[in-house]
>>> print(open('target.pdb').read())   # PDB, C-alpha atoms
ATOM      1  CA  MET Y 157     -10.877  -0.196 -22.660
ATOM      2  CA  THR Y 158     -11.769  -2.775 -25.229
ATOM      3  CA  ARG Y 159     -11.687  -6.492 -25.682
ATOM      4  CA  GLY Y 160      -8.872  -7.993 -27.696
ATOM      5  CA  SER Y 161      -6.488 -10.861 -28.175
ATOM      6  CA  PRO Y 162      -4.202 -11.936 -25.321
ATOM      7  CA  SER Y 163      -1.280  -9.546 -24.904
ATOM      8  CA  SER Y 164       2.451 -10.220 -24.753
ATOM      9  CA  ALA Y 165       2.170  -9.739 -20.992
ATOM     10  CA  LEU Y 166       0.089 -12.876 -20.544
ATOM     11  CA  PRO Y 167       3.007 -15.384 -20.603
ATOM     12  CA  PHE Y 168       4.711 -13.327 -17.878
ATOM     13  CA  VAL Y 169       1.556 -13.201 -15.763
ATOM     14  CA  LEU Y 170       0.976 -16.939 -16.052
ATOM     15  CA  ALA Y 171       4.609 -17.626 -15.167
ATOM     16  CA  TYR Y 172       4.245 -15.476 -12.042
ATOM     17  CA  ALA Y 173       1.035 -17.298 -11.057
ATOM     18  CA  ARG Y 174       2.742 -20.685 -11.465
ATOM     19  CA  ARG Y 175       5.313 -19.523  -8.943
ATOM     20  CA  GLY Y 176       2.500 -18.938  -6.473
ATOM     21  CA  TRP Y 177       2.513 -15.148  -6.848
ATOM     22  CA  ARG Y 178      -0.971 -13.627  -6.703
ATOM     23  CA  VAL Y 179      -1.485 -11.330  -9.698
ATOM     24  CA  HIS Y 180      -4.042  -8.734 -10.784
ATOM     25  CA  PRO Y 181      -4.462  -6.263 -13.682
ATOM     26  CA  VAL Y 182      -3.230  -2.688 -13.371
ATOM     27  CA  HIS Y 183      -4.164   0.380 -15.427
ATOM     28  CA  TRP Y 184      -1.705   1.251 -18.189
ATOM     29  CA  PRO Y 185      -0.444   4.495 -19.755
ATOM     30  CA  THR Y 186      -1.637   5.540 -23.185
ATOM     31  CA  ARG Y 187       0.134   8.026 -25.394
ATOM     32  CA  ALA Y 188      -1.298  11.278 -26.715
ATOM     33  CA  ALA Y 189       0.092  14.346 -28.437
ATOM     34  CA  ASP Y 190       0.253  16.187 -25.120
ATOM     35  CA  GLY Y 191       1.844  13.348 -23.118
ATOM     36  CA  ALA Y 192       0.959  10.201 -21.228
ATOM     37  CA  ARG Y 193      -2.537   9.436 -20.052
ATOM     38  CA  CYS Y 194      -3.879   6.694 -17.822
ATOM     39  CA  SER Y 195      -6.275   4.073 -19.119
ATOM     40  CA  CYS Y 196      -8.577   4.904 -16.196
ATOM     41  CA  SER Y 197     -11.405   7.377 -16.613
ATOM     42  CA  ALA Y 198      -9.238  10.206 -15.241
ATOM     43  CA  GLY Y 199      -6.955  10.103 -18.278
ATOM     44  CA  GLU Y 200      -4.275  12.798 -18.173
ATOM     45  CA  ARG Y 201      -5.553  13.998 -14.777
ATOM     46  CA  CYS Y 202      -4.635  10.714 -13.084
ATOM     47  CA  ARG Y 203      -2.019  11.184 -10.365
ATOM     48  CA  SER Y 204      -0.771   7.585 -10.662
ATOM     49  CA  ILE Y 205      -0.630   6.907 -14.396
ATOM     50  CA  GLY Y 206      -0.267   3.217 -15.180
ATOM     51  CA  LYS Y 207       0.371   2.262 -11.567
ATOM     52  CA  HIS Y 208      -2.951   1.708  -9.822
ATOM     53  CA  PRO Y 209      -5.023  -1.510  -9.798
ATOM     54  CA  MET Y 210      -7.985  -1.855 -12.119
ATOM     55  CA  LEU Y 211      -9.960  -3.838  -9.542
ATOM     56  CA  GLU Y 212     -11.056  -2.094  -6.347
ATOM     57  CA  ALA Y 213     -11.049  -5.401  -4.490
ATOM     58  CA  TRP Y 214      -7.583  -6.409  -5.731
ATOM     59  CA  PRO Y 215      -6.256  -7.377  -2.254
ATOM     60  CA  ARG Y 216      -8.993  -9.998  -2.068
ATOM     61  CA  VAL Y 217      -9.248 -11.131  -5.704
ATOM     62  CA  ALA Y 218      -5.571 -11.194  -6.762
ATOM     63  CA  THR Y 219      -5.107 -14.804  -7.791
ATOM     64  CA  THR Y 220      -3.019 -17.629  -9.227
ATOM     65  CA  ASN Y 221      -6.049 -19.106 -11.027
ATOM     66  CA  GLU Y 222      -5.052 -19.320 -14.694
ATOM     67  CA  ASP Y 223      -8.611 -19.282 -16.026
ATOM     68  CA  VAL Y 224      -9.342 -16.036 -14.188
ATOM     69  CA  ILE Y 225      -6.032 -14.540 -15.326
ATOM     70  CA  ARG Y 226      -6.649 -15.435 -18.978
ATOM     71  CA  ALA Y 227     -10.109 -13.872 -18.794
ATOM     72  CA  TRP Y 228      -8.706 -10.626 -17.290
ATOM     73  CA  TRP Y 229      -6.068 -10.208 -19.990
ATOM     74  CA  ARG Y 230      -8.446 -11.261 -22.765
ATOM     75  CA  GLU Y 231     -10.728  -8.440 -21.605
ATOM     76  CA  HIS Y 232      -7.839  -5.958 -21.147
ATOM     77  CA  PRO Y 233      -4.874  -7.128 -23.271
ATOM     78  CA  SER Y 234      -2.883  -3.945 -22.632
ATOM     79  CA  ALA Y 235      -3.195  -4.119 -18.850
ATOM     80  CA  ASN Y 236      -0.091  -3.673 -16.754
ATOM     81  CA  VAL Y 237       0.802  -6.448 -14.323
ATOM     82  CA  GLY Y 238       0.400  -6.205 -10.566
ATOM     83  CA  ILE Y 239       1.779  -8.698  -8.043
ATOM     84  CA  ALA Y 240       0.243  -8.686  -4.565
ATOM     85  CA  THR Y 241       3.044  -8.899  -2.021
ATOM     86  CA  GLY Y 242       2.871 -10.475   1.410
ATOM     87  CA  PRO Y 243       2.686 -13.961   2.931
ATOM     88  CA  ALA Y 244       0.215 -15.336   0.365
ATOM     89  CA  SER Y 245       2.687 -14.701  -2.475
ATOM     90  CA  GLY Y 246       5.715 -15.285  -0.271
ATOM     91  CA  LEU Y 247       7.194 -11.963  -1.377
ATOM     92  CA  LEU Y 248       8.541  -8.825   0.231
ATOM     93  CA  VAL Y 249       9.693  -6.170  -2.214
ATOM     94  CA  LEU Y 250      12.137  -3.404  -1.387
ATOM     95  CA  ASP Y 251      11.117  -0.452  -3.583
ATOM     96  CA  VAL Y 252      13.975   1.974  -4.257
ATOM     97  CA  ASP Y 253      12.959   5.340  -5.761
ATOM     98  CA  PRO Y 254      16.074   7.411  -6.625
ATOM     99  CA  ARG Y 255      13.963  10.479  -7.404
ATOM    100  CA  ASN Y 256      13.136  10.671  -3.696
ATOM    101  CA  GLY Y 257      16.551   9.658  -2.402
ATOM    102  CA  GLY Y 258      15.865   5.937  -2.055
ATOM    103  CA  ASP Y 259      19.190   4.968  -3.627
ATOM    104  CA  LEU Y 260      21.064   7.078  -1.078
ATOM    105  CA  ALA Y 261      19.011   5.652   1.796
ATOM    106  CA  LEU Y 262      19.773   2.105   0.664
ATOM    107  CA  GLU Y 263      23.450   2.913   0.137
ATOM    108  CA  ALA Y 264      23.660   4.213   3.698
ATOM    109  CA  LEU Y 265      22.058   1.054   5.060
ATOM    110  CA  LEU Y 266      24.323  -1.255   3.068
ATOM    111  CA  ALA Y 267      27.401   0.689   4.142
ATOM    112  CA  SER Y 268      26.713  -0.137   7.791
ATOM    113  CA  HIS Y 269      25.466  -3.705   7.354
ATOM    114  CA  ASP Y 270      26.404  -6.944   5.612
ATOM    115  CA  GLY Y 271      24.667  -6.243   2.308
ATOM    116  CA  LEU Y 272      22.092  -8.284   0.386
ATOM    117  CA  GLU Y 273      22.406 -11.748  -1.072
ATOM    118  CA  PRO Y 274      21.902 -11.930  -4.870
ATOM    119  CA  THR Y 275      18.171 -11.829  -5.496
ATOM    120  CA  MET Y 276      15.627 -11.110  -8.194
ATOM    121  CA  ARG Y 277      15.672  -7.484  -9.262
ATOM    122  CA  VAL Y 278      13.468  -5.329 -11.491
ATOM    123  CA  GLU Y 279      14.495  -2.099 -13.187
ATOM    124  CA  THR Y 280      11.379   0.058 -13.179
ATOM    125  CA  GLY Y 281      10.298   2.277 -16.027
ATOM    126  CA  GLY Y 282      10.812   5.308 -13.798
ATOM    127  CA  GLY Y 283      14.472   4.606 -13.051
ATOM    128  CA  GLY Y 284      13.945   2.811  -9.735
ATOM    129  CA  VAL Y 285      14.714  -0.715  -8.597
ATOM    130  CA  HIS Y 286      12.583  -3.424  -6.989
ATOM    131  CA  PHE Y 287      14.408  -6.077  -4.959
ATOM    132  CA  TYR Y 288      12.291  -9.236  -4.650
ATOM    133  CA  LEU Y 289      12.926 -10.987  -1.324
ATOM    134  CA  ALA Y 290      11.311 -13.912   0.470
ATOM    135  CA  HIS Y 291       8.611 -12.794   2.892
ATOM    136  CA  PRO Y 292       9.638 -13.662   6.460
ATOM    137  CA  SER Y 293       7.697 -16.315   8.321
ATOM    138  CA  GLY Y 294       5.699 -15.399  11.378
ATOM    139  CA  GLY Y 295       2.988 -12.815  11.843
ATOM    140  CA  ALA Y 296       4.965  -9.847  13.141
ATOM    141  CA  PRO Y 297       3.849  -6.513  11.639
ATOM    142  CA  LEU Y 298       6.260  -4.995   9.122
ATOM    143  CA  ARG Y 299       7.125  -1.382   8.459
ATOM    144  CA  GLY Y 300       5.924   0.265   5.260
ATOM    145  CA  ALA Y 301       9.091   2.316   4.761
ATOM    146  CA  LEU Y 302      12.748   2.354   5.766
ATOM    147  CA  GLY Y 303      13.456   5.912   4.716
ATOM    148  CA  LYS Y 304      12.596   8.552   2.176
ATOM    149  CA  GLY Y 305      12.250   6.846  -1.200
ATOM    150  CA  LEU Y 306      12.837   3.399   0.319
ATOM    151  CA  ASP Y 307       9.551   1.533   0.756
ATOM    152  CA  VAL Y 308       8.745  -1.980   1.926
ATOM    153  CA  LYS Y 309       5.938  -3.762   0.053
ATOM    154  CA  ALA Y 310       4.659  -6.664   2.155
ATOM    155  CA  GLY Y 311       1.195  -7.625   3.409
ATOM    156  CA  GLY Y 312      -1.448  -5.384   1.837
ATOM    157  CA  GLY Y 313       1.017  -4.109  -0.787
ATOM    158  CA  THR Y 314       1.399  -4.520  -4.521
ATOM    159  CA  VAL Y 315       4.105  -3.865  -7.120
ATOM    160  CA  VAL Y 316       3.975  -3.247 -10.855
ATOM    161  CA  ALA Y 317       5.895  -6.048 -12.556
ATOM    162  CA  PRO Y 318       7.527  -6.667 -15.967
ATOM    163  CA  PRO Y 319       6.706  -6.220 -18.785
ATOM    164  CA  SER Y 320       4.417  -3.358 -17.659
ATOM    165  CA  LEU Y 321       4.645  -0.010 -19.421
ATOM    166  CA  HIS Y 322       5.647   3.119 -17.491
ATOM    167  CA  ALA Y 323       4.343   6.619 -18.246
ATOM    168  CA  SER Y 324       7.873   7.466 -19.438
ATOM    169  CA  GLY Y 325       7.425   5.039 -22.343
ATOM    170  CA  ARG Y 326       9.917   2.577 -20.861
ATOM    171  CA  ARG Y 327       8.975  -0.884 -19.640
ATOM    172  CA  TYR Y 328       9.618  -2.572 -16.318
ATOM    173  CA  ALA Y 329      12.232  -5.266 -16.947
ATOM    174  CA  TRP Y 330      14.086  -7.945 -15.042
ATOM    175  CA  ALA Y 331      17.713  -6.977 -14.536
ATOM    176  CA  ALA Y 332      20.286  -9.054 -16.393
ATOM    177  CA  GLY Y 333      21.078 -12.208 -14.431
ATOM    178  CA  ALA Y 334      18.425 -11.388 -11.812
ATOM    179  CA  SER Y 335      15.207 -12.710 -13.362
ATOM    180  CA  PRO Y 336      13.071 -15.524 -11.911
ATOM    181  CA  ARG Y 337      14.852 -17.903 -14.297
ATOM    182  CA  ASP Y 338      18.209 -16.925 -12.797
ATOM    183  CA  LEU Y 339      17.522 -16.568  -9.077
ATOM    184  CA  ALA Y 340      15.030 -17.250  -6.330
ATOM    185  CA  PRO Y 341      13.937 -14.540  -3.879
ATOM    186  CA  ALA Y 342      16.711 -14.290  -1.291
ATOM    187  CA  ALA Y 343      15.916 -14.557   2.393
ATOM    188  CA  LEU Y 344      15.942 -11.281   4.291
ATOM    189  CA  PRO Y 345      19.305 -10.867   5.991
ATOM    190  CA  SER Y 346      19.028 -10.678   9.760
ATOM    191  CA  TRP Y 347      19.865  -6.975   9.853
ATOM    192  CA  LEU Y 348      17.125  -6.120   7.344
ATOM    193  CA  LEU Y 349      14.610  -8.373   9.064
ATOM    194  CA  ALA Y 350      15.332  -6.516  12.302
ATOM    195  CA  LEU Y 351      14.776  -3.145  10.613
ATOM    196  CA  VAL Y 352      11.482  -4.030   8.927
ATOM    197  CA  THR Y 353       9.976  -5.885  11.894
ATOM    198  CA  VAL Y 354       7.913  -3.791  14.287
ATOM    199  CA  ARG Y 355       8.835  -4.810  17.808
ATOM    200  CA  PRO Y 356       6.030  -5.196  20.362
ATOM    201  CA  SER Y 357       6.170  -2.907  23.340
ATOM    202  CA  VAL Y 358       7.222  -4.408  26.664
ATOM    203  CA  GLU Y 359       4.278  -5.537  28.778
ATOM    204  CA  PRO Y 360       3.873  -3.201  31.771
ATOM    205  CA  ARG Y 361       4.536  -4.451  35.256
ATOM    206  CA  PRO Y 362       1.482  -4.619  37.575
ATOM    207  CA  ALA Y 363       2.095  -1.157  39.052
ATOM    208  CA  GLU Y 364       2.547   0.326  35.571
ATOM    209  CA  ALA Y 365      -0.580  -1.450  34.380
ATOM    210  CA  ARG Y 366      -2.617   0.142  37.187
ATOM    211  CA  ALA Y 367      -1.205   3.563  36.319
ATOM    212  CA  ALA Y 368      -2.064   2.999  32.661
ATOM    213  CA  ARG Y 369      -5.735   2.585  33.617
ATOM    214  CA  ARG Y 370      -5.878   6.065  35.104
ATOM    215  CA  PRO Y 371      -7.729   8.606  32.938
ATOM    216  CA  ARG Y 372      -5.502  10.369  30.458
ATOM    217  CA  ARG Y 373      -5.813  13.856  29.094
ATOM    218  CA  VAL Y 374      -8.613  13.887  26.555
ATOM    219  CA  LEU Y 375      -8.060  15.736  23.301
ATOM    220  CA  GLY Y 376     -10.681  17.986  21.812
ATOM    221  CA  ASP Y 377     -12.112  17.177  18.397
ATOM    222  CA  GLU Y 378      -9.986  19.530  16.303
ATOM    223  CA  GLU Y 379      -6.747  18.682  18.117
ATOM    224  CA  ALA Y 380      -7.467  14.928  17.986
ATOM    225  CA  LEU Y 381      -8.062  15.059  14.233
ATOM    226  CA  ASP Y 382      -4.838  16.957  13.652
ATOM    227  CA  VAL Y 383      -2.854  14.467  15.748
ATOM    228  CA  LEU Y 384      -4.484  11.528  13.968
ATOM    229  CA  VAL Y 385      -3.592  12.833  10.508
ATOM    230  CA  HIS Y 386       0.044  13.298  11.475
ATOM    231  CA  GLU Y 387       0.528  10.332  13.830
ATOM    232  CA  CYS Y 388      -1.581   7.488  12.405
ATOM    233  CA  SER Y 389       0.370   5.735   9.643
ATOM    234  CA  PHE Y 390      -2.837   4.469   8.005
ATOM    235  CA  VAL Y 391      -4.508   7.883   7.810
ATOM    236  CA  SER Y 392      -1.218   9.422   6.633
ATOM    237  CA  HIS Y 393      -1.047   6.752   3.916
ATOM    238  CA  CYS Y 394      -4.616   7.541   2.831
ATOM    239  CA  ALA Y 395      -3.805  11.236   2.551
ATOM    240  CA  ARG Y 396      -0.472  10.654   0.778
ATOM    241  CA  ASP Y 397      -1.679   7.946  -1.643
ATOM    242  CA  ALA Y 398      -5.219   9.251  -2.062
ATOM    243  CA  ALA Y 399      -5.245   8.715  -5.833
ATOM    244  CA  SER Y 400      -4.677   4.959  -5.591
ATOM    245  CA  LEU Y 401      -6.586   3.786  -2.501
ATOM    246  CA  SER Y 402      -8.494   0.522  -2.694
ATOM    247  CA  TYR Y 403     -12.207   0.719  -1.953
ATOM    248  CA  ASP Y 404     -11.677  -0.996   1.415
ATOM    249  CA  GLU Y 405      -9.059   1.575   2.407
ATOM    250  CA  TRP Y 406     -11.273   4.450   1.256
ATOM    251  CA  PHE Y 407     -14.322   3.155   3.117
ATOM    252  CA  SER Y 408     -12.281   2.405   6.245
ATOM    253  CA  LEU Y 409     -11.053   5.992   6.181
ATOM    254  CA  ALA Y 410     -14.701   7.106   6.146
ATOM    255  CA  THR Y 411     -15.396   5.010   9.247
ATOM    256  CA  ILE Y 412     -12.472   6.662  10.998
ATOM    257  CA  LEU Y 413     -13.149  10.278  10.047
ATOM    258  CA  HIS Y 414     -16.925  10.261  10.559
ATOM    259  CA  VAL Y 415     -16.502  10.617  14.342
ATOM    260  CA  PHE Y 416     -14.891  14.066  13.940
ATOM    261  CA  ARG Y 417     -16.805  17.273  13.325
ATOM    262  CA  GLU Y 418     -14.308  18.252  10.623
ATOM    263  CA  GLY Y 419     -13.785  14.655   9.480
ATOM    264  CA  PRO Y 420     -16.325  14.660   6.621
ATOM    265  CA  ALA Y 421     -14.697  17.747   5.072
ATOM    266  CA  LEU Y 422     -11.281  16.086   5.220
ATOM    267  CA  PHE Y 423     -12.723  12.881   3.742
ATOM    268  CA  GLU Y 424     -14.217  14.905   0.870
ATOM    269  CA  GLN Y 425     -10.854  16.590   0.240
ATOM    270  CA  ILE Y 426      -8.934  13.296   0.182
ATOM    271  CA  SER Y 427     -11.576  11.658  -2.026
ATOM    272  CA  ARG Y 428     -11.176  14.360  -4.670
ATOM    273  CA  TYR Y 429      -7.661  13.149  -5.474
ATOM    274  CA  ASP Y 430      -9.083   9.873  -6.819
ATOM    275  CA  VAL Y 431     -10.582  11.507  -9.884
ATOM    276  CA  ALA Y 432     -11.380   8.120 -11.417
ATOM    277  CA  ARG Y 433     -13.841   7.298  -8.614
ATOM    278  CA  TYR Y 434     -14.799  10.684  -7.185
ATOM    279  CA  ARG Y 435     -18.392  11.770  -7.654
ATOM    280  CA  ARG Y 436     -19.722  14.992  -6.171
ATOM    281  CA  GLY Y 437     -21.579  14.276  -2.950
ATOM    282  CA  GLU Y 438     -20.552  10.613  -2.792
ATOM    283  CA  PRO Y 439     -18.030  11.021   0.070
ATOM    284  CA  ALA Y 440     -20.662  12.811   2.159
ATOM    285  CA  ARG Y 441     -23.155  10.009   1.511
ATOM    286  CA  LYS Y 442     -20.547   7.411   2.434
ATOM    287  CA  VAL Y 443     -19.741   9.140   5.724
ATOM    288  CA  ALA Y 444     -23.451   9.469   6.513
ATOM    289  CA  SER Y 445     -23.936   5.738   5.879
ATOM    290  CA  VAL Y 446     -21.353   4.662   8.454
ATOM    291  CA  ARG Y 447     -22.815   2.748  11.375
ATOM    292  CA  GLY Y 448     -20.891   1.936  14.531
ATOM    293  CA  GLY Y 449     -17.279   2.735  15.274
ATOM    294  CA  PRO Y 450     -14.222   2.851  13.031
ATOM    295  CA  ARG Y 451     -12.735  -0.237  11.449
ATOM    296  CA  HIS Y 452      -9.405  -1.301  12.849
ATOM    297  CA  CYS Y 453      -6.836  -0.383  10.196
ATOM    298  CA  THR Y 454      -4.981  -3.621  10.923
ATOM    299  CA  SER Y 455      -8.058  -5.552   9.742
ATOM    300  CA  LEU Y 456      -6.993  -4.572   6.202
ATOM    301  CA  GLY Y 457      -3.588  -6.149   6.695
ATOM    302  CA  TRP Y 458      -2.054  -2.738   7.358
ATOM    303  CA  SER Y 459       1.371  -3.102   8.960
ATOM    304  CA  CYS Y 460       1.278  -0.331  11.537
ATOM    305  CA  PRO Y 461       4.644   0.835  12.910
ATOM    306  CA  ARG Y 462       2.876   1.455  16.226
ATOM    307  CA  LEU Y 463       1.239  -1.975  16.349
ATOM    308  CA  GLY Y 464      -2.130  -0.239  16.360
ATOM    309  CA  LYS Y 465      -1.341   1.872  19.425
ATOM    310  CA  CYS Y 466      -1.804   5.582  18.828
ATOM    311  CA  SER Y 467       0.143   6.770  21.851
ATOM    312  CA  ALA Y 468      -0.437  10.416  20.998
ATOM    313  CA  LEU Y 469      -4.196   9.846  21.216
ATOM    314  CA  GLY Y 470      -4.059   7.420  24.125
ATOM    315  CA  VAL Y 471      -6.243   4.888  22.273
ATOM    316  CA  ARG Y 472      -5.862   1.780  20.194
ATOM    317  CA  SER Y 473      -5.937   2.919  16.582
ATOM    318  CA  PRO Y 474      -8.509   3.821  15.479
ATOM    319  CA  ALA Y 475     -11.183   1.717  17.200
ATOM    320  CA  GLY Y 476     -11.001   3.618  20.483
ATOM    321  CA  LEU Y 477     -11.651   7.047  19.020
ATOM    322  CA  PRO Y 478     -15.454   7.282  19.486
ATOM    323  CA  PHE Y 479     -15.218   6.610  23.224
ATOM    324  CA  LYS Y 480     -12.299   8.990  23.546
ATOM    325  CA  LEU Y 481     -14.212  11.761  21.826
ATOM    326  CA  ARG Y 482     -17.409  11.144  23.743
ATOM    327  CA  LYS Y 483     -15.451  11.677  26.925
ATOM    328  CA  ALA Y 484     -14.238  14.943  25.447
ATOM    329  CA  GLY Y 485     -17.819  15.983  24.809
ATOM    330  CA  ALA Y 486     -17.216  16.075  21.057
TER
END
>>> encode(input="target.pdb", output="structure tokens")
Amino acid sequence: MTRGSPSSALPFVLAYARRGWRVHPVHWPTRAADGARCSCSAGERCRSIGKHPMLEAWPRVATTNEDVIRAWWREHPSANVGIATGPASGLLVLDVDPRNGGDLALEALLASHDGLEPTMRVETGGGGVHFYLAHPSGGAPLRGALGKGLDVKAGGGTVVAPPSLHASGRRYAWAAGASPRDLAPAALPSWLLALVTVRPSVEPRPAEARAARRPRRVLGDEEALDVLVHECSFVSHCARDAASLSYDEWFSLATILHVFREGPALFEQISRYDVARYRRGEPARKVASVRGGPRHCTSLGWSCPRLGKCSALGVRSPAGLPFKLRKAGA
């Protein structure tokens, strides 16, 4: 990556920032005789070509500061454009991926509800659609997905925005009549707000509360790890999106897995997918450096469908795991 003159993306990025949308640079695809490569150090081996943030700390440093933005794109004029979603930007983006059935999932939802108000819409370079909606007020956790190929990008999320280049060679573009100059982000309709909002569990009555304090069955180490991988939405996300984890997510995963006997091996396996950052032996050193218990995944802004309660493990996720495992003699 080299220095250069400001790119044609810069006017778009500045326009987004002036709307209060927090932006950050994203790696971009480069062309070669044998196909697309990513601008990251992984090149053609990257599993998320032109889609992952250039800055590990992007959730914290994404900004509307024009001086910072100009400096980023002066340093990397070809960078793709990322917009951090969530309350700070006032955006929730519905990400429809037809390749994974997202168009069918959305069609089924719209068929049984009142539809969507006209809103800003992006046609992605991969054939998908991003619907830009106003982020709901209030602090209720939001789901990360509504179905296969139908994702919700809110707090802790990011989207690639126009005029970014896709690995296919096509660019992300605002749909005709649905750009920021044409429309504002529509409010979530009540039916969609109900679907994306994670409802708190009902507080137990006194008798139920006393019963809840009784000791529960304690899982052994191997069984607990297996349940965690399949039941914890944060750990599942880390395994599924291993190639594009932020540093905070990656390190938090280390703090979770280090309490399991087989956890370091799993952490090493997941780390290998991020070929741009992976260095032999580094995951093991990171696990060995962990002090204290796991970070709470919700401290990263993760919207957990279980509100942080891993019912299958009988603990609050994942901060209660060390105590749970000590009781199991692990």
>>> closest_residue(input="target.pdb", among="Y:Gly282, Y:Pro209, Y:Pro318, Y:Pro297", to="Thr353 of chain Y", atoms="only C-alpha atoms")
Y:Pro297
>>> closest_residue(input="target.pdb", among="Y:Gly300, Y:Pro254, Y:Gly325, Y:Pro341", to="Trp177 of chain Y", atoms="only C-alpha atoms")
Y:Pro341
>>> resolve_selection(input="target.pdb", expression="the PyMOL selection byres ((chain Y and resi 271) around 12)", output="compact mmCIF listing (two decimals) with C-alpha atoms, in the frame of the given file")
# COMPACT_ATOMS: atom_id res chain seq x y z
CA LEU Y 262 19.77 2.10 0.66
CA GLU Y 263 23.45 2.91 0.14
CA ALA Y 264 23.66 4.21 3.70
CA LEU Y 265 22.06 1.05 5.06
CA LEU Y 266 24.32 -1.25 3.07
CA ALA Y 267 27.40 0.69 4.14
CA SER Y 268 26.71 -0.14 7.79
CA HIS Y 269 25.47 -3.70 7.35
CA ASP Y 270 26.40 -6.94 5.61
CA LEU Y 272 22.09 -8.28 0.39
CA GLU Y 273 22.41 -11.75 -1.07
CA PRO Y 274 21.90 -11.93 -4.87
CA THR Y 275 18.17 -11.83 -5.50
CA ALA Y 342 16.71 -14.29 -1.29
CA LEU Y 344 15.94 -11.28 4.29
CA PRO Y 345 19.30 -10.87 5.99
CA SER Y 346 19.03 -10.68 9.76
CA TRP Y 347 19.86 -6.98 9.85
CA LEU Y 348 17.12 -6.12 7.34
>>> residues_around(input="target.pdb", residues="Thr219 of chain Y", least_positions_apart="3", cutoff="12 Å", atoms="only C-alpha atoms", output="PyMOL selection string")
chain Y and resi 169-170+172-181+213-216+222-226+228+238-241+244-245
>>> atom_distance(input="target.pdb", atom1="atom CA of Ala332 of chain Y", atom2="atom CA of Leu260 of chain Y")
22.3 Å
